[in-house]
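K.L.:
Input structure: upload-v9.txt, which contains compact mmCIF, C-alpha atoms.
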```
# COMPACT_ATOMS: atom_id res chain seq x y z
CA MET A 1 110.52 110.44 154.10
CA PHE A 2 113.91 111.04 155.73
CA ASN A 3 115.21 112.63 152.51
CA LYS A 4 112.28 115.08 152.41
CA ILE A 5 112.83 116.08 156.06
CA LYS A 6 116.56 116.42 155.46
CA ALA A 7 115.85 118.58 152.39
CA LEU A 8 113.61 120.90 154.41
CA ILE A 9 116.10 121.24 157.25
CA PHE A 10 119.15 121.74 155.05
CA GLN A 11 117.38 123.62 152.20
CA ASP A 12 118.46 120.76 149.98
CA LYS A 13 116.70 119.13 147.05
CA PRO A 14 114.89 115.87 147.90
CA GLU A 15 116.64 112.86 146.41
CA GLN A 16 113.93 112.18 143.83
CA GLN A 17 114.26 115.74 142.51
CA GLN A 18 117.98 115.60 141.80
CA GLU A 19 119.02 116.47 138.28
CA ASP A 20 119.48 113.60 135.85
CA GLY A 21 122.94 113.08 134.40
CA PHE A 22 123.17 114.17 130.76
CA ILE A 23 126.48 114.56 128.98
CA VAL A 24 127.12 116.38 125.70
CA PRO A 25 126.76 113.76 122.93
CA LEU A 26 129.41 115.25 120.60
CA SER A 27 132.04 117.95 120.42
CA GLY A 28 131.11 121.23 118.81
CA GLU A 29 129.18 124.43 119.37
CA ILE A 30 125.83 124.15 121.13
CA ILE A 31 123.25 126.36 119.41
CA ASP A 32 119.55 127.06 119.68
CA LEU A 33 117.29 124.90 117.48
CA SER A 34 116.07 128.05 115.72
CA HIS A 35 119.46 128.15 113.92
CA VAL A 36 119.02 124.73 112.27
CA PRO A 37 118.13 125.22 108.57
CA ASP A 38 115.22 122.78 108.66
CA GLU A 39 111.73 123.99 109.53
CA ALA A 40 110.76 120.78 111.34
CA PHE A 41 113.59 121.36 113.84
CA SER A 42 113.88 125.17 113.92
CA GLN A 43 110.13 125.57 114.45
CA ARG A 44 110.19 122.78 117.06
CA MET A 45 107.59 120.71 115.19
CA MET A 46 109.39 117.54 116.31
CA GLY A 47 109.73 118.82 119.89
CA ASP A 48 112.01 121.07 121.90
CA GLY A 49 115.74 120.63 122.31
CA PHE A 50 119.02 122.09 121.12
CA ALA A 51 121.52 121.55 118.32
CA ILE A 52 125.28 121.13 117.98
CA GLN A 53 127.49 122.24 115.09
CA PRO A 54 129.85 119.23 115.15
CA GLU A 55 133.65 119.40 115.24
CA ASN A 56 133.88 115.72 114.31
CA GLY A 57 131.53 112.86 113.63
CA GLU A 58 131.71 110.89 116.88
CA VAL A 59 128.37 110.74 118.71
CA PHE A 60 128.14 109.29 122.22
CA SER A 61 125.17 108.32 124.36
CA PRO A 62 124.41 111.24 126.67
CA VAL A 63 122.67 108.97 129.23
CA ASP A 64 122.39 105.46 130.59
CA GLY A 65 119.43 103.84 128.87
CA VAL A 66 118.11 101.80 125.96
CA VAL A 67 118.24 102.57 122.25
CA THR A 68 114.60 102.69 121.13
CA THR A 69 115.08 103.39 117.42
CA VAL A 70 117.85 103.38 114.83
CA VAL A 71 116.68 104.83 111.52
CA PRO A 72 117.63 102.52 108.59
CA SER A 73 119.59 105.35 106.90
CA LYS A 74 121.67 105.54 110.12
CA HIS A 75 121.42 109.35 110.43
CA ALA A 76 119.14 109.34 113.50
CA PHE A 77 118.43 107.32 116.62
CA SER A 78 116.47 107.62 119.84
CA ILE A 79 117.30 106.61 123.40
CA LYS A 80 115.13 106.28 126.48
CA SER A 81 117.08 107.00 129.66
CA ASN A 82 116.75 104.87 132.77
CA SER A 83 114.76 107.75 134.33
CA GLY A 84 112.22 107.80 131.48
CA ILE A 85 113.51 110.68 129.34
CA GLU A 86 113.35 109.87 125.63
CA PHE A 87 115.11 111.90 122.97
CA LEU A 88 116.07 111.82 119.31
CA ILE A 89 119.53 112.62 117.96
CA HIS A 90 119.33 113.59 114.28
CA PHE A 91 122.62 114.12 112.45
CA GLY A 92 122.42 116.82 109.77
CA VAL A 93 119.70 118.14 107.49
CA ASP A 94 118.41 116.00 104.60
CA THR A 95 120.91 113.27 105.55
CA VAL A 96 118.22 110.64 105.02
CA LYS A 97 118.93 111.09 101.30
CA LEU A 98 122.45 109.72 101.80
CA LYS A 99 120.97 106.28 102.61
CA GLY A 100 123.62 105.53 105.22
CA GLU A 101 126.62 106.68 103.17
CA GLY A 102 129.26 108.03 105.55
CA PHE A 103 127.48 106.73 108.69
CA ASP A 104 128.61 103.85 110.94
CA VAL A 105 126.22 102.87 113.75
CA TYR A 106 127.51 100.86 116.72
CA VAL A 107 124.16 100.00 118.33
CA LYS A 108 120.82 98.54 117.34
CA GLU A 109 117.29 98.90 118.60
CA GLY A 110 117.17 97.45 122.13
CA SER A 111 120.87 97.99 122.87
CA VAL A 112 121.57 98.96 126.47
CA VAL A 113 123.94 101.94 126.58
CA LYS A 114 125.89 103.84 129.23
CA ALA A 115 126.58 107.57 129.11
CA GLY A 116 129.71 107.97 126.99
CA ASP A 117 129.26 104.85 124.84
CA LEU A 118 130.03 105.43 121.16
CA ILE A 119 126.76 105.26 119.19
CA LEU A 120 127.58 106.68 115.77
CA LYS A 121 130.55 107.77 113.67
CA VAL A 122 129.96 110.07 110.73
CA ASN A 123 132.55 110.90 108.07
CA LEU A 124 132.02 114.67 108.00
CA GLU A 125 134.35 115.17 105.03
CA GLN A 126 132.35 112.65 103.02
CA ILE A 127 128.91 114.16 103.73
CA LYS A 128 129.36 117.91 104.38
CA ASP A 129 129.10 118.97 100.73
CA LYS A 130 126.14 116.68 100.04
CA VAL A 131 123.71 118.14 102.62
CA PRO A 132 122.51 121.66 103.52
CA SER A 133 123.84 121.37 107.09
CA VAL A 134 125.61 118.93 109.39
CA ALA A 135 124.03 120.48 112.52
CA VAL A 136 123.00 117.73 114.94
CA SER A 137 119.56 118.21 116.51
CA VAL A 138 118.87 116.76 119.96
CA ILE A 139 115.09 116.66 120.43
CA PHE A 140 113.37 115.69 123.67
CA ILE A 141 110.44 113.41 122.80
CA GLU A 142 109.44 112.69 126.41
CA LEU A 143 110.77 114.62 129.40
CA ASN A 144 108.79 112.58 131.95
CA GLY A 145 107.86 115.56 134.15
CA LYS A 146 111.24 117.25 133.81
CA SER A 147 112.63 120.33 132.10
CA PHE A 148 115.97 121.01 130.49
CA SER A 149 118.34 123.88 129.95
CA PHE A 150 121.55 124.24 127.97
CA LYS A 151 124.47 126.59 127.64
CA THR A 152 125.30 127.81 124.15
CA GLY A 153 128.90 127.85 122.96
CA LYS A 154 131.74 125.37 122.62
CA ALA A 155 131.38 122.04 124.37
CA ALA A 156 133.37 118.84 124.36
CA ALA A 157 131.86 115.40 123.91
CA LYS A 158 131.01 113.83 127.29
CA GLU A 159 131.11 117.23 129.04
CA LYS A 160 128.83 117.48 132.08
CA ASP A 161 126.80 120.54 133.09
CA ALA A 162 126.40 122.03 129.57
CA VAL A 163 122.92 120.44 129.47
CA THR A 164 120.92 119.98 132.66
CA ILE A 165 117.70 118.10 133.22
CA GLN A 166 115.67 118.53 136.37
CA TYR A 167 112.20 118.10 137.79
CA GLU A 168 109.90 120.99 136.85
CA ASP A 169 108.20 121.10 140.25
CA MET A 170 111.38 122.08 142.10
CA GLN A 171 110.93 124.80 144.72
```
So that I can check it, write out the structure of this file as C-alpha cells.

P.N.:
Amino acid sequence: MFNKIKALIFQDKPEQQQEDGFIVPLSGEIIDLSHVPDEAFSQRMMGDGFAIQPENGEVFSPVDGVVTTVVPSKHAFSIKSNSGIEFLIHFGVDTVKLKGEGFDVYVKEGSVVKAGDLILKVNLEQIKDKVPSVAVSVIFIELNGKSFSFKTGKAAAKEKDAVTIQYEDMQ
C-alpha cells in the first residue's frame, strides 16, 4: 500500500510494475522477426519476439529463472523467468537437421540459471554453410501480463536496456 501511495505522490511506478531485468542473450545485430528466413518465425506463428544476427556462438541466459526445455538437437531451449515470463531461444534456421553438430549445451531441463550464465556455445564456422540462416530467434511464449520492446541495431551480450519488459497496465 505504501508503494502505491508513494507512486502517486512522486509520479513513480508502483514496485510491482517495475520492469523486469532482461539482458541481451548474445552479441550481434538485433532485428525484427520479419527478417528471419523461416515462415514460422517471420510470421510469428510461434509467438512474438525479436531476432539477433550473431557475431559469435555464445548464448547467455537473459534472465534469472529455470530452463524448461532443451531440444535434443541442442539448437533451442526455453527458460521461465522468476517473474513468470517464458521464452524460447532458437539458434538458426533448419538447425534441427544438424542433430547437435556444432552445438554445446551447458544446462539441462530443470537447471536454475542466473542472467548472464552461459547456456549454449555454437561453432558458427562449422554450421553457417550448412543452414539457410544463423539468425537467433527469441520468442516470448508467455509474457505473464507484460509487454516487451526492443531496440534494433548492434548489441553486446549481457547488455541491459536493449530489450525491456514491463507490465502492460502501466499508466

K.L.:
Pick from A:Asp64, A:Glu159, A:Glu101, A:Asp94: nearest to Lys114 of chain A, with all atoms listed in the file counted?

P.N.:
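So, comparing all the options, the nearest one is A:Asp64.
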
K.L.:
Using all atoms listed in the file, which of A:Ile79, A:Phe140, A:Gly92, A:Ser133 sits nearest Met45 of chain A?

P.N.:
A:Phe140

K.L.:
At a cut-off of 8 Å, using all atoms listed in the file, what residues contact Leu88 of chain A? Leave out same-chain residues fewer than 6 positions from it and give the result as a count of residues only.

P.N.:
9

K.L.:
Please identify all polymer residues within 12 Å of Lys130 of chain A, counting all atoms listed in the file, omitting same-chain residues fewer than 4 positions from it, and present them as a list in words.

P.N.:
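With the cut-off at 12 Å, the set is Gly92, Val93, Asp94, Thr95, Val96, Lys97, Leu98, Lys99, Glu101, Gly102, Asn123, Leu124, Glu125, Gln126 and Val134 of chain A.
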
K.L.:
For Ala115 of chain A, find every residue with an atom within 6 Å (counting all atoms listed in the file), except residues of its own chain fewer than 6 positions away, and show them as a VMD selection string.

P.N.:
chain A and resid 61 to 64

K.L.:
Which residue gives the smallest distance to Gly21 of chain A among A:Val59, A:Asp129, A:His90, A:Ser83, with only C-alpha atoms counted?

P.N.:
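Checking each candidate against Gly21 of chain A, we get A:Ser83 as the closest.
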
K.L.:
Please, what distance in Å, to one decimal, runs between atom CA of Pro132 of chain A and atom CA of Pro37 of chain A?

P.N.:
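Distance reported for this atom pair: 7.6 Å.
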
K.L.:
Find the spatial neighbours of Gln53 of chain A, counting all atoms listed in the file, within a cut-off of 8 Å - ignore same-chain residues fewer than 4 positions away - and output them as a list in words.

P.N.:
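Neighbouring residues, sequence-local ones excluded: Gly28, Glu29, Ile30, Ile31, Val134, Ala135 and Val136 of chain A.
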
K.L.:
Give the answer as one residue: which of A:Gln166, A:Val67, A:Phe60, A:Ala157 has the shortest atom-to-atom distance to Gly110 of chain A, using all atoms listed in the file?

P.N.:
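Among the listed residues, A:Val67 lies closest to Gly110 of chain A.
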
K.L.:
Give as a list in words the set of residues within 7 Å of the point (131.7, 113.0, 117.2), where distances use the file's coordinates and all atoms listed in the file.

P.N.:
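Checked against the point, the hits come out as Leu26, Ser27, Pro54, Glu55, Asn56, Gly57, Glu58, Val59 and Lys121 of chain A.
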
K.L.:
Separation of atom CA of Phe148 of chain A and atom CA of Val163 of chain A, in Å?

P.N.:
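Separation between atom CA of Phe148 of chain A and atom CA of Val163 of chain A: 7.0 Å.
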
K.L.:
Of the residues A:Val71, A:Leu33, A:Ile85, A:Ile165, which is the one nearest to Asp48 of chain A, using only C-alpha atoms?

P.N.:
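Result for the nearest residue to Asp48 of chain A: A:Leu33.
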
K.L.:
So how far away is atom CA of Glu168 of chain A from atom CA of Lys146 of chain A, in Å?

P.N.:
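Pair atom CA of Lys146 of chain A / atom CA of Glu168 of chain A returns 5.0 Å.
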
K.L.:
Box for segment 37-49 of chain A: with edges along x, y and z, all listed atoms inside and 8 Å added on each side, what are the centre and edge lengths in Å to one decimal, as AutoDock Vina command-line options?

P.N.:
```
--center_x 112.9 --center_y 121.6 --center_z 115.4 --size_x 26.5 --size_y 24.0 --size_z 29.7
```

K.L.:
Which residue out of A:Val66, A:Ala156, A:Met46, A:Ile23 has the minimum interatomic distance to Val112 of chain A when only C-alpha atoms are used?

P.N.:
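Nearest candidate to Val112 of chain A out of A:Val66, A:Ala156, A:Met46, A:Ile23: A:Val66.
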